[in-house]
Each structure stands twice: as structure tokens, then as C-alpha cells.
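Here is the file my_file_15.cif (mmCIF, C-alpha atoms).
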data_input
#
loop_
_atom_site.label_atom_id
_atom_site.label_comp_id
_atom_site.auth_asym_id
_atom_site.auth_seq_id
_atom_site.Cartn_x
_atom_site.Cartn_y
_atom_site.Cartn_z
CA MET A 1378 1.89 -12.03 36.11
CA LEU A 1379 4.65 -11.54 33.64
CA GLY A 1380 8.25 -11.43 34.71
CA ARG A 1381 10.55 -8.78 33.37
CA ARG A 1382 12.14 -11.22 30.94
CA ALA A 1383 8.81 -12.42 29.57
CA LEU A 1384 7.96 -8.78 29.12
CA THR A 1385 11.07 -8.41 26.96
CA VAL A 1386 9.96 -11.41 24.90
CA MET A 1387 6.59 -9.73 24.49
CA LEU A 1388 8.05 -6.45 23.28
CA ILE A 1389 10.45 -8.20 20.90
CA SER A 1390 7.63 -10.31 19.48
CA PHE A 1391 5.56 -7.19 18.86
CA PHE A 1392 8.51 -5.49 17.19
CA ILE A 1393 9.15 -8.46 14.91
CA ALA A 1394 5.45 -8.70 14.09
CA ALA A 1395 5.46 -5.01 13.16
CA LEU A 1396 8.45 -5.55 10.87
CA PHE A 1397 6.79 -8.59 9.28
CA SER A 1398 3.56 -6.75 8.64
CA LEU A 1399 5.55 -4.00 6.91
CA GLY A 1400 6.53 -6.40 4.18
CA VAL A 1401 9.61 -8.52 4.64
CA VAL A 1402 7.51 -11.17 2.95
CA PRO A 1403 8.08 -10.86 -0.79
CA ALA A 1404 5.27 -9.50 -2.88
CA SER A 1405 4.81 -12.72 -4.88
CA ILE A 1406 3.25 -14.55 -1.95
CA HIS A 1407 1.51 -11.42 -0.78
CA GLY A 1408 -1.92 -12.92 -1.31
CA PHE A 1409 -1.11 -15.12 1.64
CA SER A 1410 -0.01 -12.34 3.96
CA ILE A 1411 -0.46 -13.18 7.63
CA ASP A 1412 -1.94 -10.91 10.30
CA TRP A 1413 1.17 -11.07 12.45
CA LEU A 1414 0.26 -8.22 14.76
CA VAL A 1415 -3.28 -9.49 15.35
CA ILE A 1416 -2.16 -13.01 16.19
CA ILE A 1417 0.60 -11.82 18.52
CA LEU A 1418 -1.90 -9.50 20.16
CA ILE A 1419 -4.41 -12.33 20.75
CA TYR A 1420 -1.64 -14.49 22.20
CA TRP A 1421 -0.47 -11.92 24.72
CA ALA A 1422 -4.01 -10.90 25.60
CA LEU A 1423 -4.54 -14.54 26.62
CA VAL A 1424 -1.24 -14.88 28.49
CA ALA A 1425 -1.09 -11.50 30.16
CA PRO A 1426 -4.47 -9.76 30.05
CA GLU A 1427 -3.35 -7.40 32.82
CA LYS A 1428 -0.66 -6.00 30.48
CA VAL A 1429 -2.18 -6.43 27.04
CA GLY A 1430 -5.77 -5.31 27.21
CA VAL A 1431 -8.15 -3.24 25.15
CA PHE A 1432 -6.11 -0.07 25.54
CA PHE A 1433 -2.96 -1.77 24.25
CA ALA A 1434 -5.00 -3.21 21.36
CA TRP A 1435 -6.29 0.27 20.58
CA ILE A 1436 -2.77 1.70 20.36
CA ILE A 1437 -1.66 -1.20 18.11
CA GLY A 1438 -4.75 -0.62 15.97
CA LEU A 1439 -3.86 3.04 15.50
CA LEU A 1440 -0.29 2.05 14.58
CA LEU A 1441 -1.70 -0.43 12.03
CA ASP A 1442 -3.78 2.37 10.55
CA ILE A 1443 -0.63 4.46 10.22
CA PHE A 1444 1.39 1.58 8.74
CA GLN A 1445 -1.28 0.67 6.21
CA PHE A 1446 -2.15 4.25 5.28
CA SER A 1447 -5.80 3.59 6.01
CA ILE A 1448 -8.42 5.77 7.67
CA ILE A 1449 -7.27 6.46 11.24
CA GLY A 1450 -9.34 4.38 13.68
CA MET A 1451 -10.50 1.72 11.23
CA HIS A 1452 -8.25 -1.14 12.38
CA ALA A 1453 -8.42 0.21 15.93
CA ILE A 1454 -12.16 -0.50 16.14
CA ALA A 1455 -11.77 -4.00 14.69
CA LEU A 1456 -8.94 -4.88 17.08
CA LEU A 1457 -10.86 -3.47 20.08
CA LEU A 1458 -13.78 -5.78 19.29
CA ILE A 1459 -11.78 -8.98 19.24
CA ILE A 1460 -9.45 -8.14 22.12
CA TYR A 1461 -12.50 -7.23 24.19
CA LEU A 1462 -13.82 -10.75 23.63
CA VAL A 1463 -10.44 -12.30 24.41
CA THR A 1464 -9.89 -10.40 27.66
CA LYS A 1465 -13.48 -11.01 28.72
CA PHE A 1466 -13.29 -14.78 28.29
CA TYR A 1467 -9.57 -15.41 28.64
CA LEU A 1468 -9.93 -17.80 31.57
CA ARG A 1469 -12.23 -20.02 29.53
CA ILE A 1470 -10.14 -19.79 26.37
CA ARG A 1471 -7.00 -20.83 28.26
CA LEU A 1472 -8.68 -24.17 29.01
CA PHE A 1473 -9.18 -24.92 25.31
CA ASN A 1474 -6.78 -27.28 23.60
CA ILE A 1475 -4.63 -25.91 20.80
CA PHE A 1476 -7.04 -26.89 18.00
CA GLN A 1477 -10.05 -25.41 19.74
CA GLN A 1478 -8.00 -22.28 20.22
CA ALA A 1479 -7.08 -22.24 16.54
CA GLY A 1480 -10.77 -22.54 15.70
CA LEU A 1481 -11.49 -19.61 17.97
CA VAL A 1482 -8.67 -17.60 16.40
CA PHE A 1483 -10.27 -18.30 13.03
CA PHE A 1484 -13.53 -16.77 14.19
CA LEU A 1485 -11.78 -13.83 15.85
CA LEU A 1486 -9.90 -13.09 12.61
CA LEU A 1487 -13.13 -13.47 10.70
CA LEU A 1488 -14.75 -10.92 13.01
CA TYR A 1489 -11.73 -8.63 12.69
CA HIS A 1490 -11.68 -8.68 8.91
CA THR A 1491 -15.45 -8.39 8.71
CA ALA A 1492 -15.27 -5.27 10.85
CA VAL A 1493 -12.44 -3.75 8.77
CA PHE A 1494 -14.23 -4.72 5.56
CA TRP A 1495 -17.52 -3.34 6.76
CA ILE A 1496 -16.11 0.00 7.84
CA GLY A 1497 -13.91 0.22 4.75
CA SER A 1498 -16.65 -0.55 2.27
CA THR A 1499 -19.07 1.79 4.01
CA LEU A 1500 -16.57 4.60 3.61
CA GLY A 1501 -15.65 3.43 0.13
CA VAL A 1502 -11.95 3.01 0.83
CA ILE A 1503 -11.96 -0.77 0.23
CA SER A 1504 -13.18 -2.18 -3.04
CA VAL A 1505 -16.18 -4.38 -2.42
CA GLY A 1506 -16.01 -8.01 -3.44
CA ILE A 1507 -12.69 -9.18 -2.09
CA PHE A 1508 -12.59 -10.73 1.34
CA PRO A 1509 -9.15 -11.82 2.61
CA TRP A 1510 -9.99 -15.50 3.11
CA LYS A 1511 -6.46 -16.58 2.29
CA THR A 1512 -5.04 -14.32 4.97
CA ILE A 1513 -7.47 -15.60 7.60
CA ILE A 1514 -6.74 -19.25 6.83
CA ALA A 1515 -2.97 -18.75 6.64
CA SER A 1516 -3.02 -16.87 9.96
CA THR A 1517 -5.10 -19.60 11.62
CA VAL A 1518 -2.65 -22.25 10.46
CA CYS A 1519 0.18 -20.16 11.89
CA TRP A 1520 -1.46 -19.86 15.31
CA PRO A 1521 -0.23 -23.16 16.87
CA ILE A 1522 3.28 -22.56 15.51
CA ILE A 1523 3.46 -19.03 16.89
CA CYS A 1524 2.06 -20.20 20.25
CA TYR A 1525 4.73 -22.87 20.43
CA ILE A 1526 7.57 -20.50 19.54
CA LEU A 1527 6.45 -17.81 22.00
CA GLU A 1528 5.99 -20.32 24.84
CA LEU A 1529 9.42 -21.73 24.14
CA ALA A 1530 10.92 -18.24 24.13
CA SER A 1531 9.20 -17.22 27.38
CA ARG A 1532 10.31 -20.41 29.12
CA ALA A 1533 13.88 -20.12 27.88
CA THR A 1534 14.18 -16.59 29.20
CA GLU A 1535 12.58 -17.39 32.57
CA ARG A 1536 15.12 -20.14 33.21
CA TYR A 1537 18.11 -17.84 33.36
CA MET B 280 -3.54 -1.88 42.12
CA ASP B 281 -4.64 -5.30 41.03
CA ARG B 282 -8.39 -5.27 40.86
CA ARG B 283 -8.61 -8.64 39.21
CA ILE B 284 -8.63 -11.38 41.81
CA PHE B 285 -10.16 -13.92 39.53
CA GLY B 286 -9.11 -12.14 36.41
CA LYS B 287 -12.06 -9.85 36.31
CA ASP B 288 -11.69 -6.32 35.09
CA TYR B 289 -14.89 -4.58 36.17
CA PHE B 290 -14.41 -1.67 33.82
CA LEU B 291 -13.60 -3.75 30.73
CA GLY B 292 -16.92 -3.13 28.99
CA LEU B 293 -16.88 0.57 29.79
CA LYS B 294 -13.26 0.96 28.68
CA THR B 295 -13.96 -0.82 25.39
CA PHE B 296 -17.06 1.27 24.80
CA VAL B 297 -15.23 4.56 25.42
CA LEU B 298 -12.32 3.54 23.17
CA ILE B 299 -14.68 2.48 20.37
CA VAL B 300 -16.50 5.81 20.61
CA ILE B 301 -13.14 7.63 20.42
CA SER B 302 -12.14 5.50 17.41
CA ILE B 303 -15.40 6.23 15.62
CA ALA B 304 -14.80 9.92 16.28
CA LEU B 305 -11.30 9.54 14.79
CA VAL B 306 -12.67 7.77 11.71
CA VAL B 307 -15.24 10.50 11.18
CA MET B 308 -12.68 13.27 11.73
CA ASP B 309 -10.26 11.60 9.31
CA TYR B 310 -12.77 10.65 6.63
CA ARG B 311 -15.29 13.51 6.75
CA PHE B 312 -13.13 16.44 7.71
CA GLY B 313 -9.67 15.24 6.65
CA LEU B 314 -8.28 16.35 9.96
CA PHE B 315 -5.19 14.18 9.68
CA ASN B 316 -4.41 15.02 6.07
CA ARG B 317 -1.77 17.50 7.15
CA VAL B 318 -0.08 15.10 9.57
CA LYS B 319 -0.37 11.95 7.48
CA PRO B 320 2.71 12.69 5.36
CA TYR B 321 4.69 12.90 8.61
CA PHE B 322 3.36 9.46 9.57
CA SER B 323 5.07 8.04 6.53
CA THR B 324 8.33 9.58 7.70
CA PHE B 325 7.75 7.79 10.97
CA VAL B 326 7.30 4.49 9.14
CA LEU B 327 10.51 5.08 7.15
CA PRO B 328 13.06 3.67 9.65
CA PHE B 329 10.82 0.63 10.15
CA SER B 330 10.70 -0.09 6.46
CA TYR B 331 14.46 0.28 6.18
CA VAL B 332 14.93 -2.32 8.91
CA ALA B 333 12.24 -4.54 7.39
CA ASN B 334 13.88 -4.47 3.99
CA ALA B 335 17.42 -4.96 5.31
CA PRO B 336 17.52 -8.79 5.02
CA LYS B 337 16.14 -8.67 1.48
CA LYS B 338 18.71 -6.04 0.54
CA ALA B 339 21.53 -8.09 2.07
CA VAL B 340 20.51 -11.16 0.08
CA ASP B 341 20.25 -9.09 -3.09
CA SER B 342 23.70 -7.59 -2.62
CA VAL B 343 25.26 -11.02 -2.05
CA LYS B 344 23.49 -12.32 -5.15
CA GLY B 345 24.82 -9.37 -7.11
CA TYR B 346 28.36 -10.10 -5.93
CA PHE B 347 28.21 -13.62 -7.30
CA THR B 348 26.87 -12.70 -10.71
CA SER B 349 29.08 -14.73 -13.00
CA ARG B 350 31.39 -13.36 -15.69
CA HIS B 351 29.31 -15.09 -18.32
CA ASP B 352 26.21 -13.26 -17.21
CA LEU B 353 28.08 -9.99 -17.27
CA GLU B 354 29.34 -10.59 -20.81
CA LYS B 355 25.89 -11.50 -21.96
CA GLU B 356 24.49 -8.40 -20.33
CA ASN B 357 27.22 -6.30 -21.90
CA THR B 358 26.41 -7.42 -25.44
CA LYS B 359 22.75 -6.95 -24.80
CA LEU B 360 23.32 -3.44 -23.50
CA ARG B 361 25.46 -2.60 -26.54
CA GLU B 362 22.69 -3.69 -28.85
CA GLN B 363 20.25 -1.67 -26.86
CA GLU B 364 22.51 1.36 -26.99
CA LEU B 365 22.72 1.15 -30.76
CA LEU B 366 18.99 0.85 -31.02
CA LEU B 367 18.39 3.71 -28.64
CA SER B 368 20.88 6.05 -30.27
CA MET B 369 19.12 5.40 -33.56
CA GLN B 370 15.84 6.32 -32.00
CA VAL B 371 17.37 9.39 -30.40
CA GLN B 372 18.46 10.62 -33.81
CA GLN B 373 14.92 10.31 -35.02
CA LEU B 374 13.65 11.99 -31.94
CA SER B 375 16.07 14.88 -32.04
CA SER B 376 14.84 15.92 -35.46
CA GLN B 377 11.31 15.81 -34.17
CA VAL B 378 12.32 17.78 -31.12
CA LYS B 379 13.74 20.48 -33.34
CA GLU B 380 10.52 20.57 -35.28
CA ASN B 381 8.51 20.74 -32.11
CA ALA B 382 10.67 23.52 -30.74
CA GLU B 383 10.03 25.61 -33.84
CA GLN B 384 6.32 25.05 -33.57
CA ASN B 385 6.39 25.85 -29.93
CA THR B 386 8.05 29.18 -30.47
CA LEU B 387 5.22 30.00 -32.83
CA ASN B 388 2.64 28.93 -30.34
CA ALA B 389 1.46 32.02 -28.54
CA ALA B 390 -0.32 30.12 -25.82
CA TYR B 391 2.95 28.83 -24.49
CA GLN B 392 4.60 32.19 -24.28
CA ALA B 393 2.99 32.88 -20.95
CA LEU B 394 4.58 29.78 -19.46
CA GLU B 395 7.56 29.80 -17.18
CA PRO B 396 10.64 28.18 -18.72
CA ALA B 397 10.32 24.42 -18.74
CA SER B 398 13.88 23.93 -17.55
CA SER B 399 13.10 25.37 -14.12
CA ASN B 400 12.82 21.85 -12.76
CA LYS B 401 14.73 18.88 -14.03
CA PRO B 402 13.27 15.40 -13.66
CA VAL B 403 14.39 13.76 -10.43
CA ILE B 404 15.12 10.07 -9.98
CA ALA B 405 13.58 8.56 -6.86
CA LYS B 406 13.82 5.14 -5.28
CA ILE B 407 10.84 3.15 -4.07
CA ILE B 408 11.54 2.40 -0.43
CA ALA B 409 8.32 0.86 0.78
CA ALA B 410 5.10 -0.59 -0.51
CA SER B 411 1.81 -0.75 1.32
CA SER B 412 1.53 -4.06 3.14
CA ASP B 413 -2.01 -4.41 1.90
CA PRO B 414 -1.67 -6.17 -1.48
CA LEU B 415 -4.81 -4.48 -2.76
CA GLU B 416 -3.63 -1.00 -2.02
CA LYS B 417 -1.58 -0.04 -5.02
CA GLU B 418 0.53 2.56 -3.29
CA VAL B 419 4.26 2.96 -2.78
CA ILE B 420 6.53 5.32 -0.88
CA ILE B 421 9.50 6.98 -2.57
CA ASP B 422 12.50 8.63 -0.97
CA LYS B 423 11.93 12.12 -2.33
CA GLY B 424 9.57 14.67 -0.84
CA LYS B 425 9.25 18.36 -0.19
CA ASP B 426 13.05 18.58 -0.21
CA ILE B 427 13.11 18.43 -4.02
CA GLY B 428 9.83 20.24 -4.50
CA ALA B 429 7.49 17.32 -5.17
CA PHE B 430 3.83 18.26 -5.24
CA VAL B 431 0.52 16.46 -4.97
CA GLY B 432 -0.70 15.36 -8.39
CA GLN B 433 2.80 15.19 -9.84
CA PRO B 434 3.20 12.52 -12.53
CA VAL B 435 5.67 9.71 -11.89
CA VAL B 436 7.18 7.81 -14.83
CA THR B 437 9.93 5.40 -15.81
CA ALA B 438 11.64 4.79 -19.13
CA GLU B 439 8.89 2.30 -19.98
CA GLY B 440 5.95 4.52 -19.25
CA LEU B 441 3.64 6.01 -16.66
CA VAL B 442 3.82 4.75 -13.08
CA GLY B 443 1.35 6.90 -11.21
CA GLN B 444 0.96 10.16 -9.38
CA VAL B 445 2.06 11.67 -6.10
CA ILE B 446 -0.78 11.80 -3.58
CA ASP B 447 1.00 12.78 -0.38
CA VAL B 448 4.17 14.77 0.10
CA GLY B 449 6.17 14.41 3.30
CA PRO B 450 9.32 16.29 4.25
CA LEU B 451 11.60 13.53 2.93
CA VAL B 452 9.30 10.92 1.40
CA SER B 453 6.14 10.93 -0.63
CA ARG B 454 3.36 8.51 -1.43
CA ILE B 455 2.51 7.44 -4.96
CA LEU B 456 -0.78 6.08 -6.23
CA LEU B 457 -0.03 3.55 -8.97
CA ILE B 458 -2.08 3.60 -12.16
CA ASN B 459 -3.45 0.11 -11.50
CA SER B 460 -5.17 1.26 -8.31
CA ALA B 461 -8.95 1.42 -8.48
CA HIS B 462 -8.67 5.00 -7.22
CA SER B 463 -6.58 6.05 -10.19
CA ALA B 464 -7.94 7.30 -13.51
CA VAL B 465 -5.73 8.44 -16.37
CA PRO B 466 -6.93 10.23 -19.52
CA VAL B 467 -5.48 8.19 -22.39
CA GLU B 468 -5.69 7.73 -26.12
CA ASP B 469 -5.12 4.90 -28.54
CA SER B 470 -1.84 5.76 -30.26
CA ARG B 471 -2.99 4.06 -33.48
CA SER B 472 -6.56 5.26 -33.88
CA GLY B 473 -6.55 8.28 -31.58
CA VAL B 474 -9.63 7.11 -29.65
CA ARG B 475 -9.76 8.90 -26.29
CA ALA B 476 -10.67 7.13 -23.06
CA ILE B 477 -10.12 6.96 -19.33
CA ALA B 478 -7.91 4.14 -18.01
CA VAL B 479 -8.92 2.99 -14.56
CA GLY B 480 -6.99 0.51 -12.45
CA ASP B 481 -8.19 -2.88 -11.34
CA GLU B 482 -6.36 -3.71 -8.15
CA ILE B 483 -7.37 -7.37 -8.06
CA SER B 484 -5.80 -8.28 -11.39
CA GLY B 485 -3.25 -5.45 -11.35
CA GLU B 486 -4.33 -4.45 -14.85
CA LEU B 487 -6.22 -1.47 -16.22
CA HIS B 488 -9.58 -1.07 -17.91
CA LEU B 489 -10.72 1.48 -20.45
CA LEU B 490 -14.03 2.94 -19.38
CA ASN B 491 -17.05 3.69 -21.53
CA ILE B 492 -15.67 2.73 -24.94
CA PRO B 493 -18.64 2.08 -27.23
CA ILE B 494 -18.30 -1.21 -29.11
CA THR B 495 -18.21 0.65 -32.41
CA LEU B 496 -14.96 2.49 -31.65
CA ASP B 497 -11.67 1.39 -33.08
CA VAL B 498 -9.65 -0.24 -30.33
CA VAL B 499 -8.16 -3.65 -31.04
CA LYS B 500 -5.89 -6.09 -29.25
CA GLY B 501 -2.24 -5.05 -29.34
CA ASP B 502 -2.87 -1.31 -29.57
CA SER B 503 -0.58 0.72 -27.40
CA ILE B 504 -2.36 3.17 -25.15
CA VAL B 505 -0.62 6.43 -24.22
CA THR B 506 -1.50 9.38 -22.02
CA SER B 507 -3.50 11.98 -23.90
CA GLY B 508 -2.54 14.86 -21.64
CA LEU B 509 -6.14 16.01 -21.61
CA GLY B 510 -6.54 16.15 -17.84
CA LEU B 511 -3.46 18.43 -17.76
CA MET B 512 -2.09 16.32 -14.92
CA PHE B 513 -0.13 13.81 -16.97
CA PRO B 514 1.91 15.03 -19.91
CA ALA B 515 0.88 13.57 -23.27
CA GLY B 516 2.64 10.64 -24.90
CA TYR B 517 3.73 8.45 -22.02
CA ASN B 518 3.02 4.75 -22.45
CA VAL B 519 0.26 3.48 -20.19
CA GLY B 520 -0.29 -0.03 -21.45
CA VAL B 521 -1.00 -2.39 -24.29
CA VAL B 522 -4.50 -3.65 -25.05
CA LYS B 523 -4.57 -7.24 -23.89
CA ASP B 524 -8.15 -8.09 -24.54
CA VAL B 525 -11.28 -6.56 -26.01
CA GLN B 526 -14.57 -8.17 -25.09
CA PHE B 527 -18.04 -7.41 -26.29
CA SER B 528 -21.15 -8.52 -24.51
CA SER B 529 -24.62 -8.27 -25.93
CA ALA B 530 -25.83 -6.94 -22.59
CA SER B 531 -23.77 -3.78 -22.73
CA LYS B 532 -23.23 -0.99 -25.20
CA PHE B 533 -19.66 -0.70 -23.99
CA ALA B 534 -16.71 -2.94 -24.66
CA VAL B 535 -14.69 -4.39 -21.80
CA ILE B 536 -11.11 -3.48 -22.64
CA THR B 537 -8.21 -4.74 -20.54
CA LEU B 538 -4.72 -3.22 -20.64
CA THR B 539 -1.46 -4.71 -19.48
CA PRO B 540 0.48 -1.85 -17.88
CA SER B 541 3.70 -0.96 -19.76
CA VAL B 542 5.66 -0.70 -16.52
CA SER B 543 5.77 -3.84 -14.37
CA LEU B 544 4.35 -1.95 -11.42
CA ASP B 545 5.08 -4.56 -8.78
CA LYS B 546 8.74 -4.84 -9.72
CA VAL B 547 9.84 -1.30 -10.49
CA ARG B 548 12.43 0.11 -8.06
CA PHE B 549 13.45 3.45 -9.55
CA VAL B 550 11.05 6.06 -10.84
CA VAL B 551 11.32 9.57 -12.23
CA LEU B 552 9.41 12.58 -10.98
CA VAL B 553 8.62 15.03 -13.77
CA TRP B 554 7.41 18.61 -13.80
CA PRO B 555 4.99 18.89 -16.70
CA LYS B 556 4.67 22.22 -18.44
CA GLU B 557 0.94 21.73 -18.62
CA THR B 558 0.53 22.26 -14.88
CA ALA B 559 1.07 25.97 -15.46
CA LEU B 560 -1.99 26.05 -17.69
CA MET B 561 -4.16 24.28 -15.15
CA ALA B 562 -5.46 27.40 -13.40
CA GLN B 563 -6.51 29.05 -16.66
CA VAL B 564 -8.21 25.92 -17.93
CA HIS B 565 -10.13 25.44 -14.70
CA LYS B 566 -11.30 29.01 -14.92
CA LEU B 567 -12.66 28.42 -18.42
CA MET B 568 -14.27 25.12 -17.45
CA GLU B 569 -16.12 26.69 -14.55
CA LYS B 570 -18.12 28.91 -16.87
CA TYR B 571 -20.17 25.98 -18.04
#
Kindly present the structure from the file in C-alpha cells form.
Amino acid sequence: MLGRRALTVMLISFFIAALFSLGVVPASIHGFSIDWLVIILIYWALVAPEKVGVFFAWIIGLLLDIFQFSIIGMHAIALLLIIYLVTKFYLRIRLFNIFQQAGLVFFLLLLYHTAVFWIGSTLGVISVGIFPWKTIIASTVCWPIICYILELASRATERY
Amino acid sequence: MDRRIFGKDYFLGLKTFVLIVISIALVVMDYRFGLFNRVKPYFSTFVLPFSYVANAPKKAVDSVKGYFTSRHDLEKENTKLREQELLLSMQVQQLSSQVKENAEQNTLNAAYQALEPASSNKPVIAKIIAASSDPLEKEVIIDKGKDIGAFVGQPVVTAEGLVGQVIDVGPLVSRILLINSAHSAVPVEDSRSGVRAIAVGDEISGELHLLNIPITLDVVKGDSIVTSGLGLMFPAGYNVGVVKDVQFSSASKFAVITLTPSVSLDKVRFVVLVWPKETALMAQVHKLMEKY
């Protein structure tokens, strides 16, 4: 169960992730954009599945659709798929070490982008032929760092 | 309340299934029936405060940088601007004579008599306040919307050339499709040889391609490509790009022609919304076209 302070950390992390995904990162390194919201969502679905479940993921997905001006529901479906897997197997995933988890995150992101890509190219709103490999790899590399920072933040707030 | 003793949510599968079905319904409603098209502009208004906050650190850094611009830089810039001014005023002189000529011809032109006066709407300068976070979506948001009378399909330009067109108008902001988006097509012509073509964006390289130019036509490297005004959406004569490369392959009857856009589309901050006179003719032209 999450304490009230950890809950604050959670909300702040989501807010920052939303800001980041709106483009604080300069356009020159935009090829390497990171799926901040997706990673943060996976993290909290593992830590607090009773708070961050499929419904939460659905809402975030709809917000992503609004932020990215895409077809409403596209990112929502992709996020639902991966957060369903995370909340279903979260007890097992928690036992993984950080590298196994990163590997899993890689496959979850792969699934996520495949779903978005698949829906998008079926509808013709994404040009076929470009798959965001760079984004997936960069996000996977970021996973241990983000885990570490969020754990540190949760612990620091619980102490006081 | 807590159903999960060992972390098991018995309705997880069902919940996911229902939500996915709802999402699919939303996708279909949005894509097939365009149900959200009327609300979508308001979404961008909702994103506006977020993008202001997101851009705040960048803006702060920029303003500090601007403060420390050295005197030397300023002097250099000053001389450069003076030179530019001289050059421009020369060109303006040339232009003004041509404008006079054009005005005379226009008064003679009966087709334009039916038009409303062109001065009804002055060009409006707008600032780009947000760009889509997806690098492949060549779309930006500007800070002008219905409040100044922007409309869907309105051309957007800068001093260097064509930027794109308005595709969504919100109450205070609107969305612009840049010309290097794959969804954008601009009727253009070669300003040297007069060859007409369609310039379509290539979002991966950020450049444009001319479609369906037979290899026998006269387009060579270095030609400047301008809008032809033939689609009636973009006024004629705005720079679109410069031919960067012309390739022929024996497999195709068409040449592969790449343009470098005249405006550096990923750097531009200020754009101008224009009200082309040609828009007034659109209805009549469409009526004539429908006969065939």
C-alpha cells in the first residue's frame, strides 16, 4: 500500500513525465525521445498495482492521444495491453533483478510500439517503414536510472 | 474494499477487455466518423498551459543567453542588418514598380472585380508555441486562432517562403501542417522553366519531393521551386524550396527530385498567416470542376 507521501511522489513523477513528453527535450536529439509516461506507468503499476491499474493506464493513454494529436484511443489500447501484462504478473516481475526487469521493459515497449504502429499503419496515420527502435532502446537504458531515482524519492519522503 | 489478498484482481481480464472494446469504439468513432473533430481544437487549448510550463526552462536559458550577447556581436549584427536593409530597399524599389504594373493589370481584369477588397484582412504574425512531441509528425501549434479569424486551409508563410497550412482552428490556438509532412501536398512550379508539379513532404528526411515529373522535363539542381497557386489554397509565388538533387533510374519513367525547404521548418519561431484573394474564387472554381 502506498502512503500519502509516496502518492505525492507518484503524482509529481507523472506530471514531470507529461511535461517531458511534451518536448522539453530539444528537437535536435528528438530521434532519441524517451517514452517517459510509459516507463513511469510501468514502474508504478509494479509498485502500486492497486492504485495504478488498467483503468489508470487507459486514462493516461487517452491523454497521450490528446497530447500527440493522434487518433483518440490509439495509445490507450497499446498502454492497456502492456499494463494488463504488468498488473497480471507483477508479483513475479518484482522478483526479477534490475537487468531482467530492463529486458522485460524492452519487450513491453516493443509490444507497445508494435501496437501503436499496427493500429496507426492500418488507419494510415503513421507512415509505414519507420519503427522507433531508438526510442525503445533509449527508454530501456533509462529504466534502471528512473527506478533508482523514484525509489530514492519514495524513501526520502517516507522518512519524514 | 481490498479484494486482492495475494495481489489478485479477479476482474482484471474483464476490465481490460471492456476498456479495449471502448478504446476500439473511440478509434472507430474518431477515424471513421470524425466525432471528435469539433472538440479536438479545444484539446489543443487544454495542452497550451502544459506546453508553456514545458518550454519555460528553455525560454529562461534563451533569455539569459540573450542578455549576455556581447557588444561585438551586436555591432556585427548591426552592420549585417544595415547591409541587408540596403539590399532589401533596393529590391523593394524594383518590386514597387512591378506592383504598380500589376495593379493596373488587375483593374483591367474583370474576373477580379467580383472579389471582396483584398485589404479586408491584414496578414497576422503568430508565434509557434508548441510542436508535436512525435518527431515524425510535422505539425506545430501557433498562438492565434478563431480570435483573429484563422480558417482551416489558410496558408502560413514567413519572409523566406511557405511554411504550411492551418488544419485545426481552436479558440485561441491553431494547428499547422508543415509542408514537409507526408500528409501535405503543395502545387508548385519551377520558377526558371515553369514546369508544374506537386511537392509532397518526406517526414523522415524533412525534405520535399516533386511527384510524377517525367525524366524529360526541365528541372535541374539549384532551381528554385515556388507555389503555383493552382490549387487556389496557396497564393502563387511563395518560395517552397530549392532543388537539391535530381535522380533518374532506368526502372522508372519519373525522376526522383528532392527539394530543400526554403524555410528551416524545425527552427522557425514566428510565422505569418495570410488571407489569399484566391480563396474567394474557390467556390466558383469548384463548381466548374464538378461539371467534368
Inset, instruction - Give me, please, the distance in Å between atom CA of Thr539 of chain B and atom CA of Leu511 of chain B, quoted to one decimal. - result: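 Those two atoms sit 23.3 Å apart.
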Excluding same-chain residues fewer than 5 positions from Thr495 of chain B, what lies within 9 Å of it counting all atoms listed in the file, as an mmCIF file with C-alpha atoms, in the coordinates of the input?
data_model
loop_
_atom_site.group_PDB
_atom_site.id
_atom_site.type_symbol
_atom_site.label_atom_id
_atom_site.label_comp_id
_atom_site.auth_asym_id
_atom_site.auth_seq_id
_atom_site.Cartn_x
_atom_site.Cartn_y
_atom_site.Cartn_z
ATOM 1 C CA LYS B 532 -23.230 -0.990 -25.200
ATOM 2 C CA PHE B 533 -19.660 -0.700 -23.990
ATOM 3 C CA ALA B 534 -16.710 -2.940 -24.660
#
Inset, instruction - Let me know the residues the PyMOL selection byres ((chain B and resi 515) around 10) catches in the file above, as a PyMOL selection string. - result: chain B and resi 466-468+505-514+516-518+555+557
Inset, instruction - Name the residues captured by the PyMOL selection byres ((chain B and resi 438) around 9) when it is applied to the shown file; answer as a list in words. - result: Val436, Thr437, Glu439, Gly440, Leu441, Val542, Val550 and Val551 of chain B
Legend entry - Between atom CA of Gly424 of chain B and atom CA of Phe1397 of chain A, distance in Å (one decimal):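 Interatomic distance here is 25.5 Å.
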